[in-house]
Amino acid sequence: MQTLREMIFGKRSERLASLVGEQLALELDDLQTDATRPAPANDDAPAAKSSDRPRKRARRNIGALPKHLPRCEHVLEPEATACPCCQGQFQKIGEDVNEVLDVIPAMLQVLRTVRPKYACRSCTDGVVQAKALPRLIESGMVSTALVAHVVVSKFA
């Protein structure tokens with residue numbers, strides 16, 4: 001205690017007085033006597049219910065384009081639909097669908113690019129699918145026409 005008082009009220013007390021001055025005002029004698037402790041917080045009590053109905057989940061639009069816009073669909077088929085090893089016909093097992101927002105002057109539309117996946121039932125040679133077309137913005141949802149329209153509209 002004496003060292004602390006010398007630090008606060010000693011020769012260089014101006015520096016520490018603002019930091020520790022409030023703490024010295026505490027009554028430290030309470031520690032030696034039986035000071036009454038405050039009542040513990042009532043954390044075990046059940047929380048008050050706000051309502052009986054379940055809370056609605058937030059609606060988020062992550063990557064979905066509006067349903068009301070017209071869609072124009074392009075299907076990219078692989079070059080060959082016959083198995084190279086057994087010449088059997090490939091069977092469609094799935095497809096990847098990518099949607100981008102496109103613009104026709106004064107009209108927006110969604111261009112859908114469908115890439116069907118094919119596999120052979122008679123052998124386990126793998127899955128055949130057409131390569132995806134490159135995009136102007138990787139992983140973007142806009143076509144080159146929409147980017148050009150935005151740039152021209154902004155600067156022209």
# chains A, B, ... in the order shown; residues from 1 in each chain; ligands from 1
>>> residues_around(residues="A:Gly126", least_positions_apart="4", cutoff="12 Å", atoms="only C-alpha atoms", output="PyMOL selection string")
chain A and resi 83-85+90-91+93+117-122
>>> atom_distance(atom1="atom CA of A:Leu76", atom2="atom CA of A:Val147")
23.0 Å
>>> atom_distance(atom1="atom CA of A:Gly140", atom2="atom CA of A:Val152")
19.1 Å
